[in-house]
$ cat model_2.txt   # compact mmCIF, C-alpha atoms and all ligand atoms
# COMPACT_ATOMS: atom_id res chain seq x y z
CA MET Q 1 26.95 -15.18 55.67
CA SER Q 2 26.14 -13.05 52.64
CA PHE Q 3 24.93 -16.27 50.96
CA LEU Q 4 22.44 -16.84 53.79
CA LYS Q 5 21.17 -13.28 53.42
CA VAL Q 6 20.44 -13.83 49.74
CA LEU Q 7 18.83 -17.19 50.49
CA PHE Q 8 16.48 -15.73 53.12
CA ARG Q 9 15.65 -12.73 50.93
CA ASN Q 10 14.71 -15.00 48.03
CA LEU Q 11 12.67 -17.29 50.25
CA ILE Q 12 10.66 -14.31 51.50
CA SER Q 13 10.17 -12.64 48.08
CA GLY Q 14 9.09 -15.92 46.38
CA PRO Q 15 9.76 -17.05 42.78
CA SER Q 16 10.71 -14.34 40.31
CA THR Q 17 10.36 -16.52 37.21
CA ASP Q 18 7.25 -16.84 35.01
CA PRO Q 19 4.55 -19.12 36.54
CA PHE Q 20 3.65 -20.67 33.17
CA PRO Q 21 2.38 -23.41 32.64
CA PHE Q 22 0.81 -23.27 36.13
CA GLY Q 23 -0.35 -19.68 35.67
CA GLU Q 24 -0.80 -17.01 33.02
CA THR Q 25 2.19 -15.64 31.18
CA PHE Q 26 3.05 -12.55 29.23
CA THR Q 27 2.43 -12.35 25.44
CA PRO Q 28 4.45 -9.72 23.53
CA LYS Q 29 2.23 -7.44 21.42
CA ALA Q 30 4.26 -8.08 18.26
CA LEU Q 31 4.33 -11.87 18.65
CA ARG Q 32 3.72 -13.75 15.40
CA GLY Q 33 1.24 -16.48 16.31
CA ARG Q 34 -1.65 -18.38 14.74
CA VAL Q 35 -2.64 -17.16 11.28
CA VAL Q 36 -6.38 -16.70 10.67
CA TYR Q 37 -8.16 -16.59 7.32
CA ASP Q 38 -11.27 -14.73 6.11
CA ALA Q 39 -12.78 -16.46 3.06
CA SER Q 40 -15.13 -13.53 2.37
CA LYS Q 41 -12.15 -11.30 1.46
CA CYS Q 42 -10.17 -13.90 -0.50
CA THR Q 43 -9.90 -13.58 -4.30
CA SER Q 44 -8.19 -16.98 -4.57
CA CYS Q 45 -5.13 -15.36 -6.18
CA ARG Q 46 -3.02 -17.99 -4.37
CA THR Q 47 -0.17 -15.59 -3.69
CA CYS Q 48 -0.10 -16.85 -0.10
CA GLU Q 49 0.43 -20.40 -1.32
CA GLN Q 50 3.31 -19.30 -3.55
CA VAL Q 51 5.16 -17.34 -0.87
CA CYS Q 52 4.56 -19.78 1.99
CA ILE Q 53 8.04 -20.80 3.03
CA GLY Q 54 6.80 -23.76 5.07
CA GLY Q 55 4.45 -25.16 2.40
CA ALA Q 56 1.66 -24.85 4.95
CA ILE Q 57 -1.03 -23.43 2.63
CA ARG Q 58 -3.06 -25.45 0.19
CA PHE Q 59 -6.15 -24.89 -1.99
CA ASP Q 60 -8.45 -27.74 -3.07
CA ASN Q 61 -11.41 -27.73 -5.40
CA THR Q 62 -14.21 -29.62 -3.68
CA PRO Q 63 -17.85 -30.26 -4.71
CA ASP Q 64 -18.86 -27.37 -2.42
CA GLY Q 65 -16.33 -24.84 -3.62
CA ARG Q 66 -12.66 -23.93 -3.24
CA ARG Q 67 -11.23 -24.86 0.12
CA PHE Q 68 -8.35 -23.07 1.85
CA LEU Q 69 -6.19 -25.01 4.31
CA LEU Q 70 -3.35 -23.76 6.48
CA TRP Q 71 -1.55 -26.33 8.63
CA HIS Q 72 -0.46 -24.74 11.89
CA ASP Q 73 1.96 -27.63 12.44
CA THR Q 74 3.85 -26.74 9.26
CA CYS Q 75 3.64 -22.94 9.58
CA THR Q 76 6.90 -21.26 10.58
CA PHE Q 77 5.15 -17.99 11.56
CA CYS Q 78 7.24 -16.05 9.05
CA GLY Q 79 4.30 -13.74 8.21
CA LEU Q 80 4.97 -13.68 4.46
CA CYS Q 81 1.45 -14.80 3.53
CA VAL Q 82 -0.04 -11.98 5.61
CA PHE Q 83 2.40 -9.44 4.18
CA TYR Q 84 1.74 -10.36 0.54
CA CYS Q 85 -2.03 -11.00 0.69
CA PRO Q 86 -3.48 -8.13 -1.38
CA GLN Q 87 -6.91 -8.48 0.21
CA ASP Q 88 -6.04 -8.55 3.93
CA ALA Q 89 -7.73 -11.96 4.03
CA LEU Q 90 -4.99 -13.33 6.28
CA GLU Q 91 -4.15 -11.99 9.69
CA MET Q 92 -1.44 -12.91 12.16
CA THR Q 93 -2.67 -13.13 15.72
CA THR Q 94 -0.69 -13.27 18.96
CA ASP Q 95 -2.25 -16.64 19.84
CA TRP Q 96 0.56 -19.10 20.57
CA HIS Q 97 -1.61 -21.77 22.25
CA LEU Q 98 -0.85 -24.41 19.65
CA SER Q 99 0.61 -27.26 21.67
CA HIS Q 100 -1.32 -30.50 21.15
CA THR Q 101 -1.10 -34.24 21.34
CA GLN Q 102 -0.20 -36.40 18.36
CA ASP Q 103 -3.86 -37.47 18.07
CA GLU Q 104 -4.92 -33.85 17.57
CA LYS Q 105 -2.46 -33.01 14.80
CA PHE Q 106 -5.07 -33.11 12.04
CA LYS Q 107 -7.19 -30.59 13.92
CA MET Q 108 -4.42 -27.98 13.86
CA VAL Q 109 -5.75 -26.46 10.68
CA GLU Q 110 -7.15 -23.08 9.68
CA HIS Q 111 -9.69 -23.58 6.92
CA GLY Q 112 -12.27 -21.70 4.92
CA LEU Q 113 -14.46 -22.22 1.90
CA MET Q 114 -15.21 -20.04 -1.11
CA PRO Q 115 -18.58 -21.59 -1.97
CA LYS Q 116 -19.97 -22.41 -5.38
CA ALA Q 117 -22.82 -20.21 -6.58
CA ALA Q 118 -24.95 -19.59 -9.67
CA CYS Q 119 -24.09 -16.41 -11.63
CA ALA Q 120 -26.82 -13.76 -11.29
CA ALA Q 121 -26.53 -12.94 -15.00
CA CYS Q 122 -25.92 -16.17 -16.94
CA GLY Q 123 -26.69 -18.80 -14.29
CA ALA Q 124 -23.35 -20.57 -14.74
CA GLU Q 125 -21.89 -22.23 -11.65
CA TYR Q 126 -18.74 -20.54 -10.37
CA VAL Q 127 -16.65 -20.26 -7.23
CA ALA Q 128 -17.78 -17.06 -5.50
CA VAL Q 129 -14.41 -15.54 -4.71
CA ALA Q 130 -14.13 -11.88 -3.69
CA PRO Q 131 -13.85 -9.47 -6.64
CA THR Q 132 -10.69 -7.42 -7.08
CA ALA Q 133 -10.70 -3.66 -7.55
CA LYS Q 134 -8.39 -4.10 -10.58
CA ALA Q 135 -11.36 -5.14 -12.73
CA PHE Q 136 -12.61 -1.54 -12.71
CA ALA Q 137 -9.94 -0.20 -15.09
CA GLY Q 138 -8.58 2.53 -12.85
CA TYR Q 139 -11.90 3.55 -11.30
CA GLU Q 140 -11.88 3.30 -7.50
CA PRO Q 141 -15.09 1.32 -6.78
CA THR Q 142 -17.17 1.72 -3.65
CA PRO Q 143 -17.34 -1.28 -1.27
CA GLU Q 144 -20.97 -1.75 -2.40
CA GLU Q 145 -19.91 -1.97 -6.07
CA VAL Q 146 -17.18 -4.46 -5.23
CA GLU Q 147 -19.70 -6.49 -3.26
CA GLU Q 148 -22.23 -6.38 -6.11
CA LEU Q 149 -19.73 -8.06 -8.43
CA ARG Q 150 -19.49 -11.03 -6.11
CA GLN Q 151 -22.76 -12.39 -7.49
CA TYR Q 152 -21.40 -12.68 -11.06
CA CYS Q 153 -19.18 -15.36 -12.63
CA PRO Q 154 -15.75 -14.15 -13.87
CA ARG Q 155 -16.97 -13.56 -17.44
CA CYS Q 156 -20.10 -11.59 -16.44
CA ARG Q 157 -18.12 -9.88 -13.70
CA ARG Q 158 -15.75 -8.35 -16.26
CA LYS Q 159 -18.72 -6.98 -18.23
CA GLU Q 160 -20.43 -5.56 -15.13
CA ALA Q 161 -17.17 -4.01 -13.89
CA ALA Q 162 -16.61 -2.40 -17.32
CA LYS Q 163 -20.14 -0.92 -17.16
CA ILE Q 164 -19.50 0.55 -13.71
CA ALA Q 165 -16.09 1.91 -14.79
CA ALA Q 166 -17.60 3.43 -17.99
CA ALA Q 167 -20.17 5.27 -15.89
CA HIS Q 168 -17.31 6.96 -14.05
CA PRO Q 169 -14.88 8.35 -16.69
CA PRO Q 170 -11.54 9.45 -15.22
CA ALA Q 171 -11.29 13.18 -14.52
CA ILE Q 172 -8.65 14.81 -16.78
CA ALA Q 173 -6.57 17.33 -14.86
CA ALA Q 174 -6.36 20.75 -16.55
CA ASP Q 175 -2.89 21.61 -17.89
CA PRO Q 176 -2.00 25.09 -16.49
CA ASP Q 177 0.20 25.82 -19.59
CA THR Q 178 -2.63 25.19 -22.06
CA PRO Q 179 -4.56 28.41 -22.73
CA GLU Q 180 -8.33 28.10 -22.55
CA GLN Q 181 -10.30 28.51 -25.76
CA GLY Q 182 -10.53 32.14 -26.92
CA GLN Q 183 -7.46 33.21 -24.86
CA SER Q 184 -4.69 32.45 -27.39
S1 LIG Q 201 -5.67 -15.36 1.24
FE1 LIG Q 201 -4.93 -13.51 0.18
S2 LIG Q 201 -3.07 -14.13 -0.91
FE2 LIG Q 201 -4.19 -16.01 -0.33
S3 LIG Q 201 -5.43 -16.49 -2.13
FE3 LIG Q 201 -6.71 -15.28 -0.75
S4 LIG Q 201 -6.44 -13.14 -1.45
FE4 LIG Q 201 -4.77 -14.33 -2.36
S1 LIG Q 202 3.23 -17.44 8.26
FE1 LIG Q 202 4.79 -18.14 6.76
S2 LIG Q 202 4.91 -20.36 7.02
FE2 LIG Q 202 3.03 -19.68 8.06
S3 LIG Q 202 1.42 -19.97 6.53
FE3 LIG Q 202 2.14 -17.84 6.33
S4 LIG Q 202 3.78 -17.90 4.75
FE4 LIG Q 202 3.38 -20.02 5.44
$ encode --input "model_2.txt" --output "structure tokens"
Amino acid sequence: MSFLKVLFRNLISGPSTDPFPFGETFTPKALRGRVVYDASKCTSCRTCEQVCIGGAIRFDNTPDGRRFLLWHDTCTFCGLCVFYCPQDALEMTTDWHLSHTQDEKFKMVEHGLMPKAACAACGAEYVAVAPTAKAFAGYEPTPEEVEELRQYCPRCRRKEAAKIAAAHPPAIAADPDTPEQGQS
């Protein structure tokens, strides 16, 4: 009889399991899902490609610029590329809606392009990757200064960064044990 009680109770209360795929389901906040890429932040250091455990990331030089490709089908969602990207150009989302038919497999790609441009100083064609703050020799550049460097090729960029850094000499902290002039 106790079995019948449980049966009736369950019939009245309805299903207690997740309705997916016929309804919405719950997505954990910390889920590691689809990786997205922002070409405007990328310096093309290729660290992500080196650490990618699934071999999902690839860079190609094309007539239009340097192309970034990340194959969602090959990605293992380990998060290493996001962790090691020094520019925060990669982000892991909680989007897990990646199921697809065999015909759609070549569409399961995250891609971006670092376009070719003409250097503002020498006119040489270069791939306009994001500048790194390292070029400023210890000076912490403003976002505007970093952005300004984007318009220069690597060679001119080094010169312009050196000029900006030279205009901001590092402050030398006073040594409390060194007597000021005239006090010794
Ligand atoms: S996405 Fe990040 S790690 Fe990958 S090349 Fe660009 S800056 Fe480097
Ligand atoms: S999450 Fe892991 S497997 Fe996926 S692209 Fe990044 S490094 Fe590669």
$ atom_distance --input "model_2.txt" --atom1 "atom CA of Q:Gly138" --atom2 "atom CA of Q:His168"
9.9 Å
$ residues_around --input "model_2.txt" --residues "stretch 104-118 of chain Q" --least-positions-apart "4" --cutoff "6 Å" --atoms "only C-alpha atoms" --output "MDAnalysis selection string"
chainID Q and resid 39 64:72 123:129
$ closest_atom_pairs --input "model_2.txt" --of "chain Q" --to "ligand LIG 202 (chain Q)" --cutoff "9 Å" --atoms "all atoms listed in the file" --output "CSV"
residue,atom,partner,partner_atom,distance
Q:Arg32,CA,Q:LIG202,S1,8.1
Q:Gly33,CA,Q:LIG202,S1,8.3
Q:Arg34,CA,Q:LIG202,S1,8.2
Q:Val35,CA,Q:LIG202,S1,6.6
Q:Cys48,CA,Q:LIG202,S4,6.3
Q:Glu49,CA,Q:LIG202,S4,7.4
Q:Gln50,CA,Q:LIG202,S4,8.4
Q:Val51,CA,Q:LIG202,S4,5.8
Q:Cys52,CA,Q:LIG202,S4,3.4
Q:Ile53,CA,Q:LIG202,S2,5.1
Q:Gly54,CA,Q:LIG202,S2,4.4
Q:Gly55,CA,Q:LIG202,FE4,6.1
Q:Ala56,CA,Q:LIG202,S3,5.1
Q:Ile57,CA,Q:LIG202,S3,5.8
Q:Leu70,CA,Q:LIG202,S3,6.1
Q:Trp71,CA,Q:LIG202,S3,7.3
Q:His72,CA,Q:LIG202,FE2,7.2
Q:Thr74,CA,Q:LIG202,S2,6.8
Q:Cys75,CA,Q:LIG202,FE2,3.6
Q:Thr76,CA,Q:LIG202,S2,4.2
Q:Phe77,CA,Q:LIG202,S1,3.9
Q:Cys78,CA,Q:LIG202,FE1,4.0
Q:Gly79,CA,Q:LIG202,S1,3.9
Q:Leu80,CA,Q:LIG202,S4,4.4
Q:Cys81,CA,Q:LIG202,S4,4.1
Q:Val82,CA,Q:LIG202,FE3,6.3
Q:Phe83,CA,Q:LIG202,S4,8.6
Q:Tyr84,CA,Q:LIG202,S4,8.9
Q:Leu90,CA,Q:LIG202,FE3,8.4
Q:Met92,CA,Q:LIG202,S1,7.6
$ atom_distance --input "model_2.txt" --atom1 "atom CA of Q:Asp103" --atom2 "atom CA of Q:Gly23"
25.3 Å
$ atom_distance --input "model_2.txt" --atom1 "atom CA of Q:Gln151" --atom2 "atom CA of Q:Ser40"
12.5 Å
$ closest_residue --input "model_2.txt" --among "Q:Cys85, Q:Leu7, Q:Ala161, Q:Ile12" --to "ligand LIG 201 (chain Q)" --atoms "all atoms listed in the file"
Q:Cys85
$ residues_near_ligand --input "model_2.txt" --ligand "ligand LIG 201 (chain Q)" --cutoff "6 Å" --atoms "only C-alpha atoms and all ligand atoms" --output "PyMOL selection string"
chain Q and resi 42-48+85-87+89-90
$ closest_residue --input "model_2.txt" --among "Q:Thr101, Q:Thr132, Q:Thr93, Q:Ser16" --to "Q:Arg157" --atoms "all atoms listed in the file"
Q:Thr132
$ axis_aligned_box --input "model_2.txt" --around "stretch 131-136 of chain Q" --padding-each-side "3 Å" --output "AutoDock Vina command-line options"
--center_x -11.1 --center_y -5.5 --center_z -9.7 --size_x 11.5 --size_y 13.9 --size_z 12.1
$ closest_residue --input "model_2.txt" --among "Q:Phe3, Q:Arg158, Q:His100, Q:Asp38" --to "Q:Lys134" --atoms "all atoms listed in the file"
Q:Arg158
$ decode --input "model_2.txt" --residues "stretch 131-163 of chain Q" --atoms "C-alpha atoms" --output "PDB file, in the first residue's frame"
ATOM      1  CA  PRO Q 131      50.113  47.431 -28.624  1.00  0.00           C
ATOM      2  CA  THR Q 132      51.508  46.013 -25.391  1.00  0.00           C
ATOM      3  CA  ALA Q 133      52.251  48.143 -22.346  1.00  0.00           C
ATOM      4  CA  LYS Q 134      55.728  46.524 -22.160  1.00  0.00           C
ATOM      5  CA  ALA Q 135      56.963  48.777 -24.972  1.00  0.00           C
ATOM      6  CA  PHE Q 136      56.908  51.753 -22.599  1.00  0.00           C
ATOM      7  CA  ALA Q 137      59.994  50.688 -20.603  1.00  0.00           C
ATOM      8  CA  GLY Q 138      58.398  50.660 -17.171  1.00  0.00           C
ATOM      9  CA  TYR Q 139      56.136  53.681 -17.683  1.00  0.00           C
ATOM     10  CA  GLU Q 140      52.455  52.872 -17.119  1.00  0.00           C
ATOM     11  CA  PRO Q 141      50.787  54.309 -20.256  1.00  0.00           C
ATOM     12  CA  THR Q 142      47.279  55.702 -20.343  1.00  0.00           C
ATOM     13  CA  PRO Q 143      44.705  53.806 -22.449  1.00  0.00           C
ATOM     14  CA  GLU Q 144      44.832  56.728 -24.925  1.00  0.00           C
ATOM     15  CA  GLU Q 145      48.616  56.375 -25.310  1.00  0.00           C
ATOM     16  CA  VAL Q 146      48.308  52.640 -25.840  1.00  0.00           C
ATOM     17  CA  GLU Q 147      45.601  53.266 -28.419  1.00  0.00           C
ATOM     18  CA  GLU Q 148      47.720  55.900 -30.192  1.00  0.00           C
ATOM     19  CA  LEU Q 149      50.454  53.341 -30.796  1.00  0.00           C
ATOM     20  CA  ARG Q 150      48.037  51.136 -32.689  1.00  0.00           C
ATOM     21  CA  GLN Q 151      48.427  53.324 -35.771  1.00  0.00           C
ATOM     22  CA  TYR Q 152      52.193  52.657 -36.050  1.00  0.00           C
ATOM     23  CA  CYS Q 153      54.061  49.660 -37.480  1.00  0.00           C
ATOM     24  CA  PRO Q 154      56.223  47.703 -34.975  1.00  0.00           C
ATOM     25  CA  ARG Q 155      59.408  49.645 -35.827  1.00  0.00           C
ATOM     26  CA  CYS Q 156      57.797  53.113 -35.564  1.00  0.00           C
ATOM     27  CA  ARG Q 157      55.800  51.934 -32.574  1.00  0.00           C
ATOM     28  CA  ARG Q 158      58.988  51.262 -30.613  1.00  0.00           C
ATOM     29  CA  LYS Q 159      60.238  54.786 -31.377  1.00  0.00           C
ATOM     30  CA  GLU Q 160      56.934  56.420 -30.426  1.00  0.00           C
ATOM     31  CA  ALA Q 161      56.690  54.364 -27.220  1.00  0.00           C
ATOM     32  CA  ALA Q 162      60.263  55.376 -26.285  1.00  0.00           C
ATOM     33  CA  LYS Q 163      59.334  59.048 -26.808  1.00  0.00           C
TER      34      LYS Q 163
END
